[in-house]
Structures are given as structure tokens and as C-alpha cells.
$ cat query_20.cif   # mmCIF, C-alpha atoms
data_protein
#
loop_
_atom_site.label_atom_id
_atom_site.label_comp_id
_atom_site.auth_asym_id
_atom_site.auth_seq_id
_atom_site.Cartn_x
_atom_site.Cartn_y
_atom_site.Cartn_z
CA MET A 1159 0.00 0.00 0.00
CA TYR A 1160 1.42 3.34 -1.04
CA GLY A 1161 -0.30 5.86 1.14
CA ASP A 1162 -1.57 5.01 4.58
CA SER A 1163 -4.84 6.48 5.83
CA ALA A 1164 -3.04 9.23 7.77
CA THR A 1165 -1.22 10.40 4.62
CA VAL A 1166 -4.44 10.25 2.59
CA ARG A 1167 -6.22 12.36 5.22
CA LYS A 1168 -3.33 14.84 5.43
CA ILE A 1169 -3.24 15.39 1.67
CA LEU A 1170 -7.01 15.76 1.42
CA THR A 1171 -7.50 18.02 4.44
CA GLU A 1172 -4.28 19.81 5.40
CA LEU A 1173 -1.95 20.44 2.47
CA GLY A 1174 -4.01 22.96 0.52
CA ASP A 1175 -6.88 23.16 -1.90
CA THR A 1176 -5.21 23.80 -5.27
CA TRP A 1177 -4.91 20.55 -7.20
CA ALA A 1178 -3.28 20.29 -10.61
CA VAL A 1179 -4.88 17.33 -12.38
CA VAL A 1180 -2.44 16.05 -15.00
CA GLY A 1181 -4.35 14.41 -17.83
CA LEU A 1182 -7.61 16.34 -17.28
CA SER A 1183 -9.38 17.29 -20.51
CA THR A 1184 -12.96 17.92 -21.60
CA ASN A 1185 -13.42 14.21 -22.38
CA ARG A 1186 -16.27 13.26 -20.05
CA ARG A 1187 -15.57 9.54 -20.51
CA ARG A 1188 -12.14 9.78 -18.87
CA ALA A 1189 -11.81 9.12 -15.15
CA ALA A 1190 -10.00 12.43 -14.60
CA TYR A 1191 -13.13 14.35 -15.61
CA GLY A 1192 -15.31 12.74 -12.94
CA VAL A 1193 -12.64 12.78 -10.25
CA ALA A 1194 -12.02 16.49 -10.82
CA GLU A 1195 -15.75 17.10 -10.47
CA VAL A 1196 -15.78 15.31 -7.10
CA LEU A 1197 -12.73 17.25 -5.90
CA GLN A 1198 -14.48 20.52 -6.79
CA ARG A 1199 -17.59 19.43 -4.95
CA PHE A 1200 -15.42 19.00 -1.85
CA GLY A 1201 -13.96 22.51 -2.17
CA LYS A 1202 -10.78 21.88 -4.13
CA ARG A 1203 -9.63 24.17 -6.94
CA VAL A 1204 -8.92 21.86 -9.86
CA VAL A 1205 -6.37 23.04 -12.44
CA PRO A 1206 -6.46 21.06 -15.71
CA VAL A 1207 -3.04 20.07 -17.08
CA HIS A 1208 -3.17 18.60 -20.57
CA PRO A 1209 -1.38 19.33 -23.87
CA LYS A 1210 -4.65 20.80 -25.21
CA ALA A 1211 -4.83 23.26 -22.27
CA GLU A 1212 -8.63 23.13 -22.28
CA THR A 1213 -10.88 24.86 -19.79
CA VAL A 1214 -12.56 22.15 -17.72
CA HIS A 1215 -15.15 22.57 -14.95
CA GLY A 1216 -14.75 26.35 -15.30
CA GLU A 1217 -10.99 26.30 -14.67
CA VAL A 1218 -8.45 27.41 -17.28
CA GLY A 1219 -6.17 24.62 -18.41
CA TYR A 1220 -2.41 24.64 -18.88
CA PRO A 1221 -0.26 22.53 -21.22
CA SER A 1222 2.20 21.54 -18.46
CA LEU A 1223 2.81 21.93 -14.75
CA ASP A 1224 5.52 24.53 -15.27
CA ALA A 1225 3.07 26.69 -17.27
CA ILE A 1226 0.82 27.21 -14.22
CA PRO A 1227 1.45 30.79 -13.01
CA PHE A 1228 0.57 30.16 -9.36
CA GLU A 1229 1.41 27.67 -6.63
CA VAL A 1230 -0.07 24.20 -6.69
CA ASP A 1231 -0.51 22.20 -3.50
CA VAL A 1232 -1.18 18.71 -4.86
CA VAL A 1233 -0.43 17.16 -8.25
CA ASP A 1234 -2.95 14.46 -9.14
CA VAL A 1235 -1.58 12.22 -11.91
CA PHE A 1236 -3.75 10.55 -14.57
CA VAL A 1237 -1.05 9.45 -17.00
CA ASN A 1238 0.40 6.04 -17.78
CA SER A 1239 2.76 4.64 -15.17
CA ASP A 1240 5.73 4.95 -17.52
CA LEU A 1241 5.17 8.73 -17.73
CA ALA A 1242 4.15 9.34 -14.12
CA GLY A 1243 7.64 9.45 -12.61
CA ALA A 1244 8.61 12.46 -14.69
CA VAL A 1245 5.44 14.24 -13.56
CA ALA A 1246 6.25 13.50 -9.92
CA ASP A 1247 9.78 14.83 -10.39
CA GLU A 1248 8.40 18.01 -11.95
CA ALA A 1249 5.91 18.42 -9.10
CA ALA A 1250 8.75 18.21 -6.57
CA ALA A 1251 10.87 20.67 -8.54
CA LEU A 1252 7.99 23.16 -8.68
CA GLY A 1253 7.37 23.04 -4.93
CA ALA A 1254 4.15 21.05 -4.68
CA LYS A 1255 3.42 19.62 -1.25
CA ALA A 1256 2.11 16.26 -2.42
CA VAL A 1257 1.71 13.95 -5.39
CA TRP A 1258 -1.20 11.60 -5.91
CA PHE A 1259 -0.96 8.76 -8.45
CA GLN A 1260 -4.38 7.52 -9.46
CA LEU A 1261 -5.64 3.94 -9.45
CA GLY A 1262 -3.43 1.83 -11.65
CA VAL A 1263 -0.64 4.43 -11.81
CA ILE A 1264 2.35 2.78 -10.16
CA ASP A 1265 6.02 3.73 -10.17
CA GLU A 1266 7.80 2.59 -7.03
CA ALA A 1267 11.02 4.45 -7.85
CA ALA A 1268 9.06 7.69 -8.32
CA TYR A 1269 7.30 7.07 -5.02
CA ASP A 1270 10.64 6.69 -3.25
CA ARG A 1271 12.13 9.79 -4.97
CA THR A 1272 9.10 11.91 -4.19
CA ARG A 1273 9.05 10.91 -0.52
CA ALA A 1274 12.83 11.46 -0.29
CA ALA A 1275 12.29 14.98 -1.68
CA GLY A 1276 10.01 15.68 1.30
CA LEU A 1277 6.63 15.47 -0.40
CA ASP A 1278 3.72 13.40 0.78
CA MET A 1279 2.59 10.84 -1.76
CA VAL A 1280 -0.20 8.39 -2.39
CA MET A 1281 -0.08 5.88 -5.22
CA ASP A 1282 -2.69 3.58 -6.79
CA ARG A 1283 -5.63 5.21 -4.99
CA CYS A 1284 -8.36 7.65 -5.96
CA PRO A 1285 -9.15 10.85 -4.05
CA ALA A 1286 -12.77 10.75 -5.27
CA ILE A 1287 -13.15 7.45 -3.42
CA GLU A 1288 -11.17 8.55 -0.37
CA ILE A 1289 -12.51 12.06 0.27
CA PRO A 1290 -16.13 11.03 1.01
CA ARG A 1291 -14.79 8.48 3.52
CA LEU A 1292 -13.26 11.24 5.66
CA GLY A 1293 -16.67 12.04 7.11
#

$ encode --input "query_20.cif" --output "C-alpha cells"
Amino acid sequence: MYGDSATVRKILTELGDTWAVVGLSTNRRRAAYGVAEVLQRFGKRVVPVHPKAETVHGEVGYPSLDAIPFEVDVVDVFVNSDLAGAVADEAAALGAKAVWFQLGVIDEAAYDRTRAAGLDMVMDRCPAIEIPRLG
């Protein structure tokens, strides 16, 4: 398990409300679209990060993390596992407080690097499932 319940709770309740969602586009059939909607419902600002830089759920999109002109608290990653490590490294370099790899996104080396860099991290879990459980 990559992210104990205390870390999940900390990321969802203490580390800030600005979430960059890497892989979020206007495609309603993609998991990122629904997860971002749930995060917004629970008070998070969701920043779409996708090469198309589309506006999603009323938030302006950016083509990459480094194009976002303000601080991001959590980077939520909806890309293939083989691409996720680079996103985690970029999140750490940009000063994010945490990285969240979605269900099925697994990169153990990236998990270790991200934790070693001082960020909290959860891997292979979904915040849209976890946040309602906080009660």
C-alpha cells in the first residue's frame, strides 16, 4: 500500500486546496473528468493540465505543470505509469506539497524519490473514493 490512511487524510484536508490534475481534458468519458468534479464538490480548486490546455469545470487549463502561473498544493496524476515518474519529479521541482498517483498508476522508484524529496505521496488510490470516507 502506497499511502496510509493518515497520509491520505493529510493530503485531502491539510496540504491545501489547489490541485493540478495532470491528464484532465474535456473528455467526459475519462476518469480524470469525474474525479475532478468530485474534488471541486469538496472545495478543491482543480487546475487542468493537458497538452490541449482546455478549460474544464470552469478552470483554465495549462499545457504543463511549469506553465501554471501560481502555486499548486497537490499534483494528481492521470497518465500512464511509464510517464508518471517524470510528472512526480516536476511536481517536486515546482514546490508542490504532495503527489497523488491515481488507481493503476504505479512507479515505485518515483514514489521513493518523491518521498525522499520531502513530499507526501499516495499511489494507486483515488481521491474521489477517499474524500467522502473522511466524514

$ residues_around --input "query_20.cif" --residues "stretch 1263-1276 of chain A" --least-positions-apart "2" --cutoff "8 Å" --atoms "only C-alpha atoms" --output "list in words"
Val1235, Phe1236, Val1237, Asn1238, Ser1239, Asp1240, Ala1242, Gly1243, Ala1244, Ala1246, Asp1247, Ala1250, Val1257, Phe1259, Gln1260, Leu1261, Asp1278, Met1279, Met1281 and Asp1282 of chain A

$ resolve_selection --input "query_20.cif" --expression "the PyMOL selection byres ((chain A and resi 1163-1177) around 8)" --output "PyMOL selection string"
chain A and resi 1161-1162+1178-1179+1201-1205+1229-1234+1255-1256+1278-1280+1285+1288-1289+1292

$ closest_residue --input "query_20.cif" --among "A:Val1207, A:Val1180, A:Leu1241, A:Val1214" --to "A:Glu1195" --atoms "only C-alpha atoms"
A:Val1214

$ atom_distance --input "query_20.cif" --atom1 "atom CA of A:Val1245" --atom2 "atom CA of A:Arg1291"
27.1 Å

$ resolve_selection --input "query_20.cif" --expression "the PyMOL selection byres ((chain A and resi 1211) around 10)" --output "PDB file with C-alpha atoms, in the coordinates of the input"
ATOM      1  CA  GLY A1181      -4.350  14.410 -17.830  1.00  0.00           C
ATOM      2  CA  LEU A1182      -7.610  16.340 -17.280  1.00  0.00           C
ATOM      3  CA  SER A1183      -9.380  17.290 -20.510  1.00  0.00           C
ATOM      4  CA  THR A1184     -12.960  17.920 -21.600  1.00  0.00           C
ATOM      5  CA  VAL A1205      -6.370  23.040 -12.440  1.00  0.00           C
ATOM      6  CA  PRO A1206      -6.460  21.060 -15.710  1.00  0.00           C
ATOM      7  CA  VAL A1207      -3.040  20.070 -17.080  1.00  0.00           C
ATOM      8  CA  HIS A1208      -3.170  18.600 -20.570  1.00  0.00           C
ATOM      9  CA  PRO A1209      -1.380  19.330 -23.870  1.00  0.00           C
ATOM     10  CA  LYS A1210      -4.650  20.800 -25.210  1.00  0.00           C
ATOM     11  CA  GLU A1212      -8.630  23.130 -22.280  1.00  0.00           C
ATOM     12  CA  THR A1213     -10.880  24.860 -19.790  1.00  0.00           C
ATOM     13  CA  VAL A1214     -12.560  22.150 -17.720  1.00  0.00           C
ATOM     14  CA  VAL A1218      -8.450  27.410 -17.280  1.00  0.00           C
ATOM     15  CA  GLY A1219      -6.170  24.620 -18.410  1.00  0.00           C
ATOM     16  CA  TYR A1220      -2.410  24.640 -18.880  1.00  0.00           C
ATOM     17  CA  PRO A1221      -0.260  22.530 -21.220  1.00  0.00           C
ATOM     18  CA  SER A1222       2.200  21.540 -18.460  1.00  0.00           C
ATOM     19  CA  ALA A1225       3.070  26.690 -17.270  1.00  0.00           C
TER      20      ALA A1225
END

$ closest_residue --input "query_20.cif" --among "A:Gly1293, A:Leu1277, A:Gly1192, A:Leu1252" --to "A:Ile1226" --atoms "all atoms listed in the file"
A:Leu1252

$ atom_distance --input "query_20.cif" --atom1 "atom CA of A:Glu1248" --atom2 "atom CA of A:Phe1228"
14.7 Å
